[in-house]
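What follows is a single structure, written as structure tokens, with notes after it.
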Amino acid sequence: MNALLYKSKRIFKKKGSLILLFFIILVFIFNYSSLSKYTSDQLSNYSQSSSNLGTDDDDNTIPFYKSNAAKPKTQIKEENEKKSRLEKMKLIQQDLDEDKSGSRLVLGHTLFNKVFEILKKGEPKIPKLERYKSDDRIYHAGYDGDSNVVFSEDYLSSFLQLTDDEVSSLQKSHKLVVDNLPEQIPKTLYKGNGIVYVGGGKFNWLALLSIKSLRSLGSKLPIEVVIPTMEEYEIDLCGRIFPALNAKCILLEHSLGDAAMSKFKFKGYQYKALALIVSSFENVLLVDADNIPVHAPDYLFENEPFINTGLITWPDFWRRATSPDYYKIAGIKINDKRVRFGYDDRDKDSKEVPLHDREGAIPDPTSESGQLMISKTSHTKELFLALYYNLYGPDYYYPLFSQGSDGEGDKETFLAATVALDSSYYQVKKFLNAFGHFNMDHEFIGTGMGQYDPVEDYNLERAKARQKEQSKELNQDLEPITKQPRILFVHANFPKLNPISLRDEKKIFEKNGDRLRLYGPGMAKRVGYDFELVQWRNMHFLICELKVEVEVFKGNDNVEVCKEILDQLEHLEATVKDNERD
């Protein structure tokens, strides 16, 4: 017996490592199976409650599942670190499962790799554009402001300087890309209408706040939130919170594919163009994470001007400063004929004609890409050309579009690509509304931008055109149309609606410590309801009632954050009457 026991010990000693490895494999298989069931149950629970989450009625009764409620924080942290990547990959794998054989994903990878190969071949062969005629930069003229400066071709040529050889080189690169980009995309790659956000980092929270508003307003459109990197992919947010709101996360690298990802390094403003191409929707309303629709925008897809143009852009504050050299590079012919007169017929009697009032030029004012609508069917090539402008934007196309003026970035690329390819578009005519408040020193502090309804804007412009024709036929002046389109978006871009940073940076306080309204009085009349009060109620609902955890708030005491939200809510509720006046 002793001999047998001794022999058994020797065998175990020799093969102990193999037995241990076998045991670990069994434990992993068991845990993976449990994790799969856990994730499936989570998603099922939240799909069932999604119809309630989008309403303001009885919000506090929603049974939001708290999987870690009874566990110590240290244990939760350790468990999350161990299973984080596995859970992320499982959630991402659901895209493949929904796609059945993965045909759409493979189709996308093939197309994107082909397109990125073309964009790589079109890489500019000259040094970055940074040579200016002097240290002076373009006068930062507001589109609706008074200015004695005419943005003529001569004036716009006096800043960023390119040699003839540089222009010629960029022409060749640009032409190579335009000549080779696909005119069409596979029919099964995109389908339907939807809203797209770019998330990641602090923008995950802002996207959540905006999506909550959309669902409260009754929007039924599906939503996709594009996450730039795996590190920014939040499991709880993507696995159960967004799905409960009929929204889903799209990991950029997963959708682009390794081949396309290997050709470029992405950052900043490039993510919007990338988000558009990897989203699954054929027709897209792209909304910045810090932009909040104030009415459900679903009808935009079914009406003019979108259905007859395929692209809608909105105006920014500034006059267009695009270099005349860009038009040479893109092969755009600009005629001497003046077809626009800008804001209130400005420069109408001037001998000099603003470059961007001439036929063929990109129209004034500059674009604001806090929201953008595009059809990938009608604007396939335009979208990929805009991506080209963004990939080489910081060193080449951003300077060509803005010449060092404020607001440099992706915002000019979509309309520029559309004009370069002589395609249709609609630029909202009604100039934006500047939101803000006057502080105790009577200084105006801007906090956001109000953008108008393109359908109402389009119909009013048509009515004005018909009235103008009638006036000519009758040979008499008719009473002008004074109706205005309604505000549809509030781009809450500065400061952003993060209760912690608003508190820490004292953005919601006067210098004497009194609380204030970021958007001043009269907001209810401008957008139809007390926008600011609603947003803080939504913050309270998400953070304090549902106790949603997002990375941007980690390290902060939830009790203190909720007290801050409640204090600001108390101030907003006490000043409701002020908000009803102009």
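Labels used: A, B, ... for chains in the order of the structure tokens, numbers from 1 for residues in each chain, and numbers from 1 for ligands as shown.
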
Just the residues within 12 Å of A:Leu181, please, counting only C-alpha atoms, with nothing from its chain fewer than 2 positions along; format it as a count of residues only. 32

Which of stretch 131-372 of chain A DSSP labels strand (DSSP E), written as an mmCIF file with N, CA and C atoms, in the first residue's frame:
data_model
loop_
_atom_site.group_PDB
_atom_site.id
_atom_site.type_symbol
_atom_site.label_atom_id
_atom_site.label_comp_id
_atom_site.auth_asym_id
_atom_site.auth_seq_id
_atom_site.Cartn_x
_atom_site.Cartn_y
_atom_site.Cartn_z
ATOM 1 N N ASN A 193 -32.694 54.488 -42.191
ATOM 2 C CA ASN A 193 -32.356 55.807 -41.662
ATOM 3 C C ASN A 193 -31.919 55.675 -40.206
ATOM 4 N N GLY A 194 -31.025 56.531 -39.771
ATOM 5 C CA GLY A 194 -30.614 56.485 -38.376
ATOM 6 C C GLY A 194 -29.776 57.669 -37.966
ATOM 7 N N ILE A 195 -29.543 57.764 -36.672
ATOM 8 C CA ILE A 195 -28.754 58.848 -36.080
ATOM 9 C C ILE A 195 -27.416 58.280 -35.617
ATOM 10 N N VAL A 196 -26.351 59.025 -35.850
ATOM 11 C CA VAL A 196 -25.009 58.576 -35.486
ATOM 12 C C VAL A 196 -24.325 59.626 -34.616
ATOM 13 N N TYR A 197 -23.695 59.159 -33.549
ATOM 14 C CA TYR A 197 -22.863 59.991 -32.676
ATOM 15 C C TYR A 197 -21.431 59.457 -32.698
ATOM 16 N N VAL A 198 -20.469 60.328 -32.439
ATOM 17 C CA VAL A 198 -19.108 59.892 -32.146
ATOM 18 C C VAL A 198 -18.946 59.973 -30.638
ATOM 19 N N ILE A 223 -30.177 54.291 -33.324
ATOM 20 C CA ILE A 223 -29.007 55.137 -33.056
ATOM 21 C C ILE A 223 -27.760 54.275 -32.949
ATOM 22 N N GLU A 224 -26.667 54.776 -33.495
ATOM 23 C CA GLU A 224 -25.366 54.123 -33.340
ATOM 24 C C GLU A 224 -24.364 55.132 -32.790
ATOM 25 N N VAL A 225 -23.596 54.683 -31.804
ATOM 26 C CA VAL A 225 -22.554 55.507 -31.198
ATOM 27 C C VAL A 225 -21.208 54.890 -31.576
ATOM 28 N N VAL A 226 -20.427 55.593 -32.367
ATOM 29 C CA VAL A 226 -19.144 55.072 -32.823
ATOM 30 C C VAL A 226 -18.084 55.361 -31.766
ATOM 31 N N ILE A 227 -17.442 54.307 -31.294
ATOM 32 C CA ILE A 227 -16.409 54.417 -30.263
ATOM 33 C C ILE A 227 -15.042 54.317 -30.950
ATOM 34 N N ALA A 247 -30.118 52.016 -28.887
ATOM 35 C CA ALA A 247 -28.855 52.539 -29.413
ATOM 36 C C ALA A 247 -27.794 51.464 -29.231
ATOM 37 N N LYS A 248 -26.780 51.482 -30.059
ATOM 38 C CA LYS A 248 -25.729 50.479 -29.952
ATOM 39 C C LYS A 248 -24.376 51.112 -30.205
ATOM 40 N N CYS A 249 -23.346 50.494 -29.661
ATOM 41 C CA CYS A 249 -21.979 50.962 -29.873
ATOM 42 C C CYS A 249 -21.387 50.284 -31.104
ATOM 43 N N ILE A 250 -20.624 51.045 -31.862
ATOM 44 C CA ILE A 250 -19.876 50.528 -33.000
ATOM 45 C C ILE A 250 -18.402 50.822 -32.732
ATOM 46 N N LEU A 251 -17.601 49.771 -32.549
ATOM 47 C CA LEU A 251 -16.165 49.979 -32.331
ATOM 48 C C LEU A 251 -15.507 50.223 -33.685
ATOM 49 N N ASN A 283 -28.988 56.364 -44.793
ATOM 50 C CA ASN A 283 -29.208 57.803 -44.634
ATOM 51 C C ASN A 283 -28.950 58.169 -43.186
ATOM 52 N N VAL A 284 -28.101 59.165 -42.965
ATOM 53 C CA VAL A 284 -27.597 59.443 -41.620
ATOM 54 C C VAL A 284 -27.831 60.890 -41.211
ATOM 55 N N LEU A 285 -28.291 61.051 -39.972
ATOM 56 C CA LEU A 285 -28.222 62.339 -39.292
ATOM 57 C C LEU A 285 -27.076 62.219 -38.303
ATOM 58 N N LEU A 286 -25.973 62.881 -38.618
ATOM 59 C CA LEU A 286 -24.809 62.880 -37.733
ATOM 60 C C LEU A 286 -24.970 64.009 -36.726
ATOM 61 N N VAL A 287 -24.911 63.677 -35.444
ATOM 62 C CA VAL A 287 -25.116 64.662 -34.382
ATOM 63 C C VAL A 287 -23.929 64.617 -33.427
ATOM 64 N N ASN A 291 -24.554 67.908 -28.767
ATOM 65 C CA ASN A 291 -25.656 68.555 -29.475
ATOM 66 C C ASN A 291 -26.950 67.845 -29.106
ATOM 67 N N ILE A 292 -27.973 68.607 -28.753
ATOM 68 C CA ILE A 292 -29.218 68.007 -28.273
ATOM 69 C C ILE A 292 -30.396 68.477 -29.125
ATOM 70 N N PRO A 293 -31.011 67.568 -29.902
ATOM 71 C CA PRO A 293 -32.223 67.941 -30.637
ATOM 72 C C PRO A 293 -33.317 68.351 -29.655
ATOM 73 N N LEU A 311 -27.913 65.899 -49.098
ATOM 74 C CA LEU A 311 -26.958 66.485 -48.150
ATOM 75 C C LEU A 311 -27.537 67.781 -47.601
ATOM 76 N N ILE A 312 -27.539 67.905 -46.286
ATOM 77 C CA ILE A 312 -27.961 69.153 -45.639
ATOM 78 C C ILE A 312 -26.844 69.608 -44.714
ATOM 79 N N THR A 313 -26.462 70.881 -44.838
ATOM 80 C CA THR A 313 -25.481 71.476 -43.928
ATOM 81 C C THR A 313 -26.106 72.692 -43.244
ATOM 82 N N GLN A 371 -24.265 69.136 -36.627
ATOM 83 C CA GLN A 371 -25.259 68.262 -37.194
ATOM 84 C C GLN A 371 -25.082 68.267 -38.712
ATOM 85 N N LEU A 372 -25.304 67.127 -39.327
ATOM 86 C CA LEU A 372 -25.112 66.975 -40.763
ATOM 87 C C LEU A 372 -25.998 65.828 -41.220
#

Using only C-alpha atoms, find the one residue out of A:Ser103, A:Asn439, A:Pro485, A:Arg131 that sits nearest to A:Asn459.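 For A:Asn459, the nearest of the given residues is A:Pro485.
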
Could you pull out the helix (DSSP H, G or I) residues of stretch 182-430 of chain A from DSSP and send them as a PyMOL selection string? chain A and resi 202-216+230-232+235-244+252-256+258-261+270-278+298-302+306-309+324-330+343-345+355-357+380-391+393-402+410-420

Just how far from atom CA of A:Ile334 is atom CA of A:Phe414, in Å to one decimal? 18.7 Å

Which of these residues is nearest to A:Gly310, using only C-alpha atoms: A:Arg358, A:Lys376, A:Lys272, A:Lys468?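 Ranking A:Arg358, A:Lys376, A:Lys272, A:Lys468 by distance to A:Gly310, first place goes to A:Lys376.
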
Using only C-alpha atoms, which of the listed residues (A:Ile329, A:Val167, A:Ala141, A:Leu516) sits closest to A:Thr366?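 Smallest separation from A:Thr366 among the options: A:Ala141.
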
I'd like the neighbourhood of A:Val550 as a PyMOL selection string, where a residue qualifies if any of its atoms comes within 9 Å (using only C-alpha atoms), though same-chain residues fewer than 5 positions away should be ignored. chain A and resi 202+204-205+234+236-237

Could those selected residues go to a file with N, CA and C atoms, as a tab-separated table (two decimals), in the first residue's frame?
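Result saved to part37.tsv:
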chain	number	residue	atom	x	y	z
A	202	LYS	N	-15.07	61.55	-22.68
A	202	LYS	CA	-16.13	62.39	-22.10
A	202	LYS	C	-17.36	62.44	-22.98
A	204	ASN	N	-18.96	59.94	-24.30
A	204	ASN	CA	-19.91	58.87	-24.01
A	204	ASN	C	-21.06	59.40	-23.17
A	205	TRP	N	-20.72	60.17	-22.12
A	205	TRP	CA	-21.75	60.74	-21.26
A	205	TRP	C	-22.62	61.72	-22.03
A	234	GLU	N	-17.05	51.30	-23.22
A	234	GLU	CA	-17.51	51.04	-21.85
A	234	GLU	C	-18.53	49.91	-21.86
A	236	ASP	N	-20.65	48.51	-19.56
A	236	ASP	CA	-21.99	48.70	-19.03
A	236	ASP	C	-22.81	49.60	-19.96
A	237	LEU	N	-22.17	50.64	-20.46
A	237	LEU	CA	-22.85	51.59	-21.34
A	237	LEU	C	-23.25	50.92	-22.65

Would you write out, as a Markdown table, a table of all residues in stretch 416-438 of chain A that have an atom no more than 7 Å from an atom of stretch 519-528 of chain A, listing for each the closest atom pair and the distance in Å to one decimal, considering only C-alpha atoms and ordering rows by chain and rising residue number?
| residue | atom | partner | partner_atom | distance |
| --- | --- | --- | --- | --- |
| A:Phe435 | CA | A:Tyr519 | CA | 5.7 |
| A:Gly436 | CA | A:Tyr519 | CA | 4.4 |
| A:His437 | CA | A:Gly520 | CA | 4.4 |

Write the residues of the preceding selection, restricted to C-alpha atoms, as a PDB file, in the first residue's frame.
ATOM      1  CA  PHE A 435     -27.410  81.238 -26.904  1.00  0.00           C
ATOM      2  CA  GLY A 436     -25.959  82.568 -23.697  1.00  0.00           C
ATOM      3  CA  HIS A 437     -26.478  84.929 -20.785  1.00  0.00           C
TER       4      HIS A 437
END

Judged by only C-alpha atoms, the minimum distance to A:Glu456 among A:Leu300, A:Val339, A:Ala273, A:Leu252 is found for A:Leu300

Nearest to A:Ser280, chosen from A:Phe203, A:Trp318, A:Tyr190, A:Tyr327, with only C-alpha atoms counted in the distances: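 So, comparing all the options, the nearest one is A:Tyr190.
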
Atom CA of A:Asp316 and atom CA of A:Leu214, how far apart in Å?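 About the pair atom CA of A:Leu214 and atom CA of A:Asp316: they are 23.4 Å apart.
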
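For the atom pair formed by atom CA of A:Ala416 and atom CA of A:Asp336, the distance is 19.2 Å, given to one decimal.
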
Within 12 Å of A:Phe509, counting only C-alpha atoms, which residues qualify if same-chain residues fewer than 2 places away don't, as JSON, numbers by chain? {"A": [437, 439, 440, 502, 503, 504, 505, 506, 507, 511, 512, 513, 514, 515, 516, 517, 518, 567, 568, 571]}
